[in-house]
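Participant: Contents of final33.cif (mmCIF, C-alpha atoms) are given next:
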```
data_start
#
loop_
_atom_site.label_atom_id
_atom_site.label_comp_id
_atom_site.auth_asym_id
_atom_site.auth_seq_id
_atom_site.Cartn_x
_atom_site.Cartn_y
_atom_site.Cartn_z
CA MET A 283 0.00 0.00 0.00
CA PRO A 284 1.28 3.50 -0.77
CA GLU A 285 2.05 6.01 1.94
CA LEU A 286 -0.59 8.75 1.78
CA THR A 287 -0.02 12.33 2.93
CA ASP A 288 -1.79 15.64 2.31
CA VAL A 289 -0.02 18.55 0.64
CA GLN A 290 -1.26 21.92 1.86
CA LEU A 291 -1.86 24.19 -1.12
CA SER A 292 -1.60 27.97 -1.18
CA ALA A 293 -5.33 28.24 -1.88
CA GLY A 294 -6.04 26.90 1.61
CA SER A 295 -7.03 23.45 0.37
CA SER A 296 -5.02 20.25 0.26
CA ALA A 297 -4.33 17.43 -2.18
CA PRO A 298 -3.40 13.78 -1.56
CA LEU A 299 0.15 12.69 -2.35
CA GLU A 300 0.69 8.94 -2.71
CA TRP A 301 4.25 7.69 -2.25
CA HIS A 302 4.83 4.25 -3.78
CA ASP A 303 7.91 2.16 -3.12
CA GLU A 304 7.93 1.15 -6.78
CA VAL A 305 5.66 1.45 -9.82
CA ALA A 306 6.01 0.70 -13.51
CA GLY A 307 5.05 4.27 -14.44
CA THR A 308 3.28 7.01 -12.52
CA ASN A 309 1.43 8.43 -15.56
CA ALA A 310 0.36 4.92 -16.58
CA LEU A 311 -0.92 4.14 -13.08
CA MET A 312 -2.97 7.31 -12.93
CA ARG A 313 -4.39 6.64 -16.41
CA GLU A 314 -5.28 3.06 -15.49
CA ARG A 315 -7.12 4.13 -12.37
CA PHE A 316 -8.91 6.99 -14.13
CA VAL A 317 -9.90 5.10 -17.29
CA ASP A 318 -10.19 1.45 -16.27
CA GLN A 319 -11.26 1.84 -12.66
CA GLU A 320 -13.18 5.08 -13.26
CA GLU A 321 -11.58 6.71 -10.25
CA ARG A 322 -12.30 10.43 -9.90
CA PHE A 323 -9.31 12.20 -8.41
CA VAL A 324 -9.44 15.58 -6.72
CA PRO A 325 -7.37 18.23 -8.55
CA PHE A 326 -3.63 17.98 -7.80
CA HIS A 327 -3.88 14.42 -6.49
CA SER A 328 -0.37 13.07 -7.13
CA ILE A 329 1.31 9.69 -7.44
CA ALA A 330 5.06 9.64 -6.75
CA THR A 331 7.88 7.13 -6.45
CA GLY A 332 11.63 6.88 -6.19
CA SER A 333 11.67 3.69 -8.27
CA GLN A 334 9.98 3.74 -11.69
CA THR A 335 10.67 0.60 -13.70
CA ALA A 336 8.93 1.26 -17.02
CA GLY A 337 8.32 5.00 -17.25
CA ARG A 338 8.29 6.90 -20.51
CA GLY A 339 8.67 10.44 -21.72
CA ARG A 340 7.75 12.26 -24.89
CA LEU A 341 7.95 10.26 -28.14
CA ASP A 342 7.78 7.06 -26.00
CA ARG A 343 11.35 7.48 -24.78
CA GLU A 344 12.21 5.35 -21.77
CA TRP A 345 12.57 7.00 -18.35
CA VAL A 346 13.80 4.54 -15.74
CA ALA A 347 16.43 4.75 -13.01
CA PRO A 348 17.74 2.71 -10.07
CA ALA A 349 15.72 2.99 -6.87
CA GLY A 350 16.35 6.28 -5.09
CA ALA A 351 18.23 7.93 -7.95
CA SER A 352 15.28 9.91 -9.25
CA LEU A 353 11.80 11.21 -8.53
CA ALA A 354 8.87 10.34 -10.75
CA ILE A 355 5.61 12.14 -10.00
CA SER A 356 2.30 12.48 -11.83
CA THR A 357 -0.32 15.06 -10.91
CA TYR A 358 -3.99 15.10 -11.86
CA LEU A 359 -5.43 18.34 -13.26
CA GLU A 360 -8.91 19.44 -14.29
CA PHE A 361 -10.07 22.36 -16.42
CA SER A 362 -13.49 23.62 -17.33
CA ALA A 363 -14.29 23.20 -21.03
CA ASP A 364 -13.86 26.96 -21.59
CA ALA A 365 -10.56 27.22 -19.68
CA ALA A 366 -9.21 24.08 -21.34
CA ARG A 367 -9.18 25.71 -24.76
CA GLU A 368 -6.61 28.24 -23.58
CA SER A 369 -4.93 26.33 -20.73
CA ILE A 370 -4.14 22.82 -21.94
CA GLY A 371 -1.18 23.88 -24.06
CA TRP A 372 0.37 25.58 -21.05
CA VAL A 373 0.30 22.51 -18.77
CA PRO A 374 3.84 21.17 -19.46
CA LEU A 375 5.20 24.72 -19.53
CA ALA A 376 3.55 25.55 -16.21
CA ALA A 377 4.99 22.33 -14.80
CA GLY A 378 8.48 23.36 -15.94
CA VAL A 379 8.17 26.75 -14.28
CA ALA A 380 6.73 25.16 -11.12
CA LEU A 381 9.51 22.57 -10.95
CA ARG A 382 12.12 25.28 -11.28
CA ASP A 383 10.33 27.23 -8.52
CA ALA A 384 10.35 24.15 -6.28
CA LEU A 385 14.02 23.32 -6.79
CA VAL A 386 15.12 26.89 -6.18
CA GLU A 387 13.08 27.00 -2.96
CA LEU A 388 14.75 23.81 -1.72
CA ALA A 389 18.23 24.67 -3.04
CA PRO A 390 18.64 28.43 -3.70
CA THR A 391 22.09 27.89 -5.25
CA LEU A 392 20.33 26.41 -8.28
CA ALA A 393 18.73 29.74 -9.23
CA GLU A 394 21.44 30.68 -11.72
CA GLN A 395 21.91 27.15 -13.03
CA LEU A 396 18.40 26.06 -14.03
CA SER A 397 16.70 26.90 -17.30
CA ILE A 398 13.66 25.65 -19.19
CA LYS A 399 13.92 24.12 -22.63
CA TRP A 400 10.66 24.44 -24.54
CA PRO A 401 8.38 22.57 -24.18
CA ASN A 402 9.16 19.91 -21.62
CA ASP A 403 12.70 19.82 -20.22
CA LEU A 404 14.40 21.45 -17.27
CA LEU A 405 18.12 21.99 -17.83
CA LEU A 406 20.87 22.20 -15.24
CA ASN A 407 23.89 24.02 -16.66
CA GLY A 408 22.62 23.18 -20.13
CA LYS A 409 22.04 19.47 -19.52
CA LYS A 410 18.73 17.69 -18.94
CA VAL A 411 17.91 17.14 -15.28
CA SER A 412 14.16 16.67 -15.74
CA GLY A 413 11.63 15.68 -18.38
CA ILE A 414 7.92 16.51 -18.38
CA LEU A 415 5.02 14.74 -20.09
CA GLY A 416 1.45 16.04 -20.17
CA GLU A 417 -1.34 13.74 -21.37
CA MET A 418 -5.09 14.04 -21.75
CA LEU A 419 -7.09 11.54 -19.68
CA GLY A 420 -10.65 12.28 -20.82
CA VAL A 421 -13.73 14.26 -19.91
CA VAL A 422 -15.73 14.38 -16.69
CA ASP A 423 -19.06 15.85 -15.66
CA GLY A 424 -20.61 15.03 -19.01
CA GLY A 425 -17.95 16.87 -20.96
CA GLU A 426 -18.11 20.06 -18.92
CA ARG A 427 -14.59 19.47 -17.65
CA PHE A 428 -11.40 18.02 -19.10
CA ALA A 429 -8.98 15.86 -17.12
CA CYS A 430 -5.27 15.49 -17.78
CA VAL A 431 -2.13 14.28 -16.05
CA VAL A 432 1.30 15.87 -16.03
CA GLY A 433 4.22 13.62 -15.24
CA VAL A 434 7.68 14.78 -14.16
CA GLY A 435 10.92 12.84 -13.80
CA VAL A 436 13.91 14.39 -12.01
CA ASN A 437 17.46 13.01 -11.76
CA LEU A 438 18.39 13.34 -8.09
CA THR A 439 21.64 11.36 -7.96
CA THR A 440 23.99 9.82 -10.50
CA PRO A 441 23.79 5.99 -10.57
CA GLU A 442 27.02 4.01 -10.35
CA SER A 443 26.42 2.94 -13.95
CA GLY A 444 26.09 6.57 -15.00
CA LEU A 445 23.25 8.43 -16.69
CA PRO A 446 21.89 7.16 -20.01
CA THR A 447 23.33 9.96 -22.15
CA GLU A 448 26.04 12.59 -21.84
CA ARG A 449 23.34 15.24 -22.21
CA ALA A 450 21.76 14.18 -18.90
CA ILE A 451 22.73 15.40 -15.45
CA ALA A 452 21.70 14.83 -11.82
CA LEU A 453 21.43 17.26 -8.94
CA ASP A 454 24.29 15.66 -7.03
CA SER A 455 26.68 16.71 -9.80
CA VAL A 456 26.45 20.26 -8.43
CA SER A 457 26.52 19.13 -4.79
CA VAL A 458 22.78 19.55 -4.27
CA GLU A 459 21.00 16.98 -2.11
CA VAL A 460 17.21 17.01 -2.36
CA THR A 461 15.02 14.11 -1.26
CA GLY A 462 12.32 12.86 -3.58
CA ARG A 463 9.63 13.25 -0.92
CA ALA A 464 10.52 16.87 -0.17
CA LEU A 465 10.67 17.74 -3.86
CA ALA A 466 7.37 15.98 -4.58
CA ALA A 467 5.45 17.96 -1.96
CA THR A 468 7.06 21.28 -2.89
CA PHE A 469 6.45 20.70 -6.59
CA VAL A 470 2.75 19.94 -6.06
CA ARG A 471 2.35 23.20 -4.12
CA LYS A 472 4.13 25.23 -6.79
CA LEU A 473 2.23 23.55 -9.63
CA ALA A 474 -1.11 24.16 -7.92
CA THR A 475 -0.25 27.85 -7.56
CA ARG A 476 0.63 28.16 -11.26
CA ILE A 477 -2.41 26.23 -12.51
CA LEU A 478 -4.85 28.02 -10.22
CA GLU A 479 -3.50 31.39 -11.36
CA LEU A 480 -3.91 30.25 -14.96
CA THR A 481 -7.47 29.05 -14.54
CA ALA A 482 -8.41 32.16 -12.55
CA THR A 483 -7.57 34.21 -15.65
CA ASN A 484 -9.46 31.77 -17.92
CA GLY A 485 -6.21 30.54 -19.44
CA ASP A 486 -4.62 33.94 -20.02
CA ALA A 487 -0.94 33.17 -19.42
CA ASP A 488 -0.02 36.86 -19.59
CA ALA A 489 -2.52 37.89 -16.92
CA ALA A 490 -1.39 34.96 -14.78
CA GLY A 491 2.25 36.02 -15.09
CA LEU A 492 3.13 32.60 -16.45
CA ARG A 493 4.39 33.64 -19.87
CA ALA A 494 6.64 36.35 -18.41
CA ASP A 495 8.22 33.90 -15.96
CA LEU A 496 8.66 31.29 -18.67
CA LEU A 497 10.35 33.76 -21.01
CA LEU A 498 12.62 34.90 -18.20
CA HIS A 499 13.99 31.40 -17.68
CA CYS A 500 13.58 29.77 -21.12
CA SER A 501 16.95 29.02 -22.71
CA THR A 502 15.29 28.14 -26.03
CA ILE A 503 14.44 31.77 -26.76
CA ASP A 504 17.09 33.52 -28.88
CA SER A 505 18.76 30.17 -29.59
CA ASP A 506 19.14 28.63 -33.03
CA VAL A 507 17.09 25.43 -33.04
CA ARG A 508 16.33 22.43 -35.17
CA VAL A 509 12.72 21.30 -34.87
CA THR A 510 11.91 17.73 -35.89
CA LEU A 511 8.25 17.86 -36.85
CA PRO A 512 5.81 14.96 -37.31
CA GLY A 513 6.74 13.12 -40.49
CA ASP A 514 10.46 13.67 -39.81
CA ALA A 515 10.47 17.10 -41.46
CA ASP A 516 13.07 19.51 -40.08
CA LEU A 517 12.72 23.23 -39.46
CA VAL A 518 15.89 25.16 -38.68
CA GLY A 519 15.72 28.74 -37.45
CA ARG A 520 15.91 31.13 -34.52
CA ALA A 521 13.47 30.74 -31.62
CA ILE A 522 12.14 34.25 -31.10
CA GLY A 523 9.19 33.97 -28.74
CA ILE A 524 6.29 32.06 -27.24
CA THR A 525 2.70 32.76 -28.25
CA ALA A 526 -0.25 33.35 -25.95
CA GLN A 527 -1.16 29.68 -26.49
CA GLY A 528 2.30 28.48 -25.46
CA ASN A 529 3.55 27.71 -28.98
CA LEU A 530 7.20 28.30 -29.84
CA GLU A 531 7.80 30.93 -32.54
CA VAL A 532 10.66 30.03 -34.88
CA ARG A 533 11.90 32.36 -37.65
CA ASP A 534 13.46 30.48 -40.56
CA ALA A 535 16.21 31.66 -42.93
CA ARG A 536 13.66 33.32 -45.20
CA GLY A 537 12.26 35.37 -42.35
CA GLU A 538 9.01 33.41 -42.10
CA VAL A 539 7.78 32.84 -38.56
CA HIS A 540 6.35 29.43 -37.66
CA ALA A 541 4.27 28.73 -34.53
CA ILE A 542 5.28 25.27 -33.29
CA ASN A 543 2.94 23.42 -30.96
CA VAL A 544 4.58 20.00 -31.20
CA GLY A 545 8.03 18.84 -32.20
CA ASP A 546 11.38 17.63 -30.92
CA ILE A 547 13.66 20.61 -30.25
CA GLU A 548 17.43 20.61 -30.51
CA HIS A 549 19.39 23.68 -29.48
CA VAL A 550 21.84 24.13 -32.33
CA ARG A 551 23.64 27.10 -30.78
CA PRO A 552 22.87 29.05 -27.64
CA ALA A 553 21.48 32.57 -27.52
CA GLY A 554 23.63 35.29 -28.99
CA ARG A 555 26.03 33.02 -30.85
CA ILE A 556 24.84 33.77 -34.40
CA GLY A 557 22.72 36.38 -36.03
CA GLU A 558 23.82 39.02 -33.55
CA GLY A 559 23.88 41.68 -36.24
CA GLU A 560 20.23 41.17 -37.23
#
```
Please render this file's structure as structure tokens.
Facilitator:
Amino acid sequence: MPELTDVQLSAGSSAPLEWHDEVAGTNALMRERFVDQEERFVPFHSIATGSQTAGRGRLDREWVAPAGASLAISTYLEFSADAARESIGWVPLAAGVALRDALVELAPTLAEQLSIKWPNDLLLNGKKVSGILGEMLGVVDGGERFACVVGVGVNLTTPESGLPTERAIALDSVSVEVTGRALAATFVRKLATRILELTATNGDADAAGLRADLLLHCSTIDSDVRVTLPGDADLVGRAIGITAQGNLEVRDARGEVHAINVGDIEHVRPAGRIGEGE
């Protein structure tokens, strides 16, 4: 049985946090319970573990790690049908901002080292320390509300066997020790704050202050990027902004601006390296 605690949210309410010794995948478990068992979660109900054996990220990439080396957490969210039209695209971005908020609260020395890579990675000194995956679950209340889950994986420590790629990094590489349980609770609080601010403005990320905070910490902006689009088409250009819907704006060599809502992003060169005379 999982260990169940309540996370006190800034709105004065609370949300259950389940800590499991081990699960195959936190997103998959929440989906199974929501879809197959028809369980109705309260908003911000979270499932977390320090041992995920068959997790996955975007594009079905594997996300697994030895027990205790990482945190995997999935959080249930709901939006009214009206708010969902403007808010759903911001879910992984809000999670990235909230995760950065949580880590900086727990380890203030990280403030200058963490950045957000659009749309779903948190970088530590330019390397991936966390991946984020948002997924739709379905509708509730006869279609009046939409349910989704946002899953986050964070590398806490470096396994003896090393991390899976040289582009990955763990918190212990910069002498930061954060427990999975402490990070899980802090992240849920920060995420709830960001999502509640977003829904209070009916999905207006500018009014909620979310877009400004994302732009402040997003290392993708002003970088040259290669975007692998569905169908394996490539778009190469300069990332110049983020739209009100959370799409990445990329200007190609001809000066045409493309709004990207899905795609695999590679930072070709960091901000300011080329095109400085434009």
Participant: If we count all atoms listed in the file, what is near A:Thr331 at a cut-off of 10 Å, once residues fewer than 4 positions away on the same chain are taken out, given as a ChimeraX atom specification?
Facilitator: /A:284,300-308,349-350,352-356,435,462-463,466
Participant: From the options A:Gln334, A:His499, A:Ala310, A:Thr475, which residue's atoms come nearest to A:Asn437, counting only C-alpha atoms?
Facilitator: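 Ranking A:Gln334, A:His499, A:Ala310, A:Thr475 by distance to A:Asn437, first place goes to A:Gln334.
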Participant: For A:Thr439, please output as a list in words all residues within 7 Å (counting all atoms listed in the file; exclusion window: fewer than 5 positions along the same chain).
Facilitator: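 Once the nearby chain positions are removed, what remains is Ala351, Ser352, Ala452, Leu453 and Asp454 of chain A.
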Participant: Point out the residue among A:Ala467, A:Pro446, A:Asn529, A:Leu480 with the least atom-to-atom distance to A:Gly371, counting all atoms listed in the file.
Facilitator: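 Answer, going by the shortest atom-to-atom distance: A:Asn529.
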Participant: Between A:Arg313, A:Lys409, A:Arg536, A:Arg493, single out the one closest to A:Ile524, counting all atoms listed in the file.
Facilitator: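 Nearest to A:Ile524: A:Arg493.
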Participant: Write out as number ranges by chain the residues lying within 9 Å of stretch 399-405 of chain A, counting all atoms listed in the file and excluding same-chain residues fewer than 3 positions away.
Facilitator: A: 340, 374-375, 377-379, 381-382, 395-396, 408-416, 436, 450-451, 499-503, 528-530, 543-547, 549
Participant: Which residue out of A:Ala393, A:Ala380, A:Val422, A:Ala365 has the minimum interatomic distance to A:Val324 when all atoms listed in the file are used?
Facilitator: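 Nearest candidate to A:Val324 out of A:Ala393, A:Ala380, A:Val422, A:Ala365: A:Val422.
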Participant: Please evaluate the PyMOL selection byres ((chain A and resi 484) around 12) against the structure above and give the resulting residues as a compact mmCIF listing (two decimals) with C-alpha atoms, keeping the file's coordinate frame.
Facilitator:
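And here's expr.txt as it stands now:
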```
# COMPACT_ATOMS: atom_id res chain seq x y z
CA PHE A 361 -10.07 22.36 -16.42
CA SER A 362 -13.49 23.62 -17.33
CA ALA A 363 -14.29 23.20 -21.03
CA ASP A 364 -13.86 26.96 -21.59
CA ALA A 365 -10.56 27.22 -19.68
CA ALA A 366 -9.21 24.08 -21.34
CA ARG A 367 -9.18 25.71 -24.76
CA GLU A 368 -6.61 28.24 -23.58
CA SER A 369 -4.93 26.33 -20.73
CA ILE A 370 -4.14 22.82 -21.94
CA ILE A 477 -2.41 26.23 -12.51
CA LEU A 478 -4.85 28.02 -10.22
CA GLU A 479 -3.50 31.39 -11.36
CA LEU A 480 -3.91 30.25 -14.96
CA THR A 481 -7.47 29.05 -14.54
CA ALA A 482 -8.41 32.16 -12.55
CA THR A 483 -7.57 34.21 -15.65
CA GLY A 485 -6.21 30.54 -19.44
CA ASP A 486 -4.62 33.94 -20.02
CA ALA A 487 -0.94 33.17 -19.42
CA ASP A 488 -0.02 36.86 -19.59
CA ALA A 489 -2.52 37.89 -16.92
CA ALA A 490 -1.39 34.96 -14.78
```
Participant: Which distance in Å separates atom CA of A:Arg449 and atom CA of A:Lys472, to one decimal?
Facilitator: 26.6 Å
Participant: Find the distance between atom CA of A:Thr461 and atom CA of A:Gly332 and write it in Å to one decimal.
Facilitator: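 Atom-to-atom, atom CA of A:Thr461 to atom CA of A:Gly332, that is 9.4 Å.
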Participant: Expand the PyMOL selection byres ((chain A and resi 289) around 8) into the individual residues it matches in the shown file, reporting them as a list in words.
Facilitator: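 So the PyMOL selection byres ((chain A and resi 289) around 8) ends up selecting Thr287, Asp288, Gln290, Leu291, Ser296, Ala297, Pro298, Leu299, Ala467, Val470 and Arg471 of chain A.
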Participant: Which one is closest to A:Ala376: A:Arg476, A:Arg322, A:Arg533, A:Arg315? Count all atoms listed in the file.
Facilitator: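 The shortest atom-to-atom distance to A:Ala376 comes from A:Arg476.
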Participant: Just how far from atom CA of A:Gln527 is atom CA of A:Asp423, in Å to one decimal?
Facilitator: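 Atom CA of A:Gln527 lies 25.1 Å from atom CA of A:Asp423.
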Participant: Taking only C-alpha atoms into account, name the residue in A:Ser457, A:Thr391, A:Thr525, A:Gln319 that is nearest to A:Ala541.
Facilitator: A:Thr525
Participant: With the PyMOL selection byres ((chain A and resi 504) around 6) as the selection, what would be picked from this file? Answer as a PyMOL selection string, please.
Facilitator: chain A and resi 503+505+521-522+553
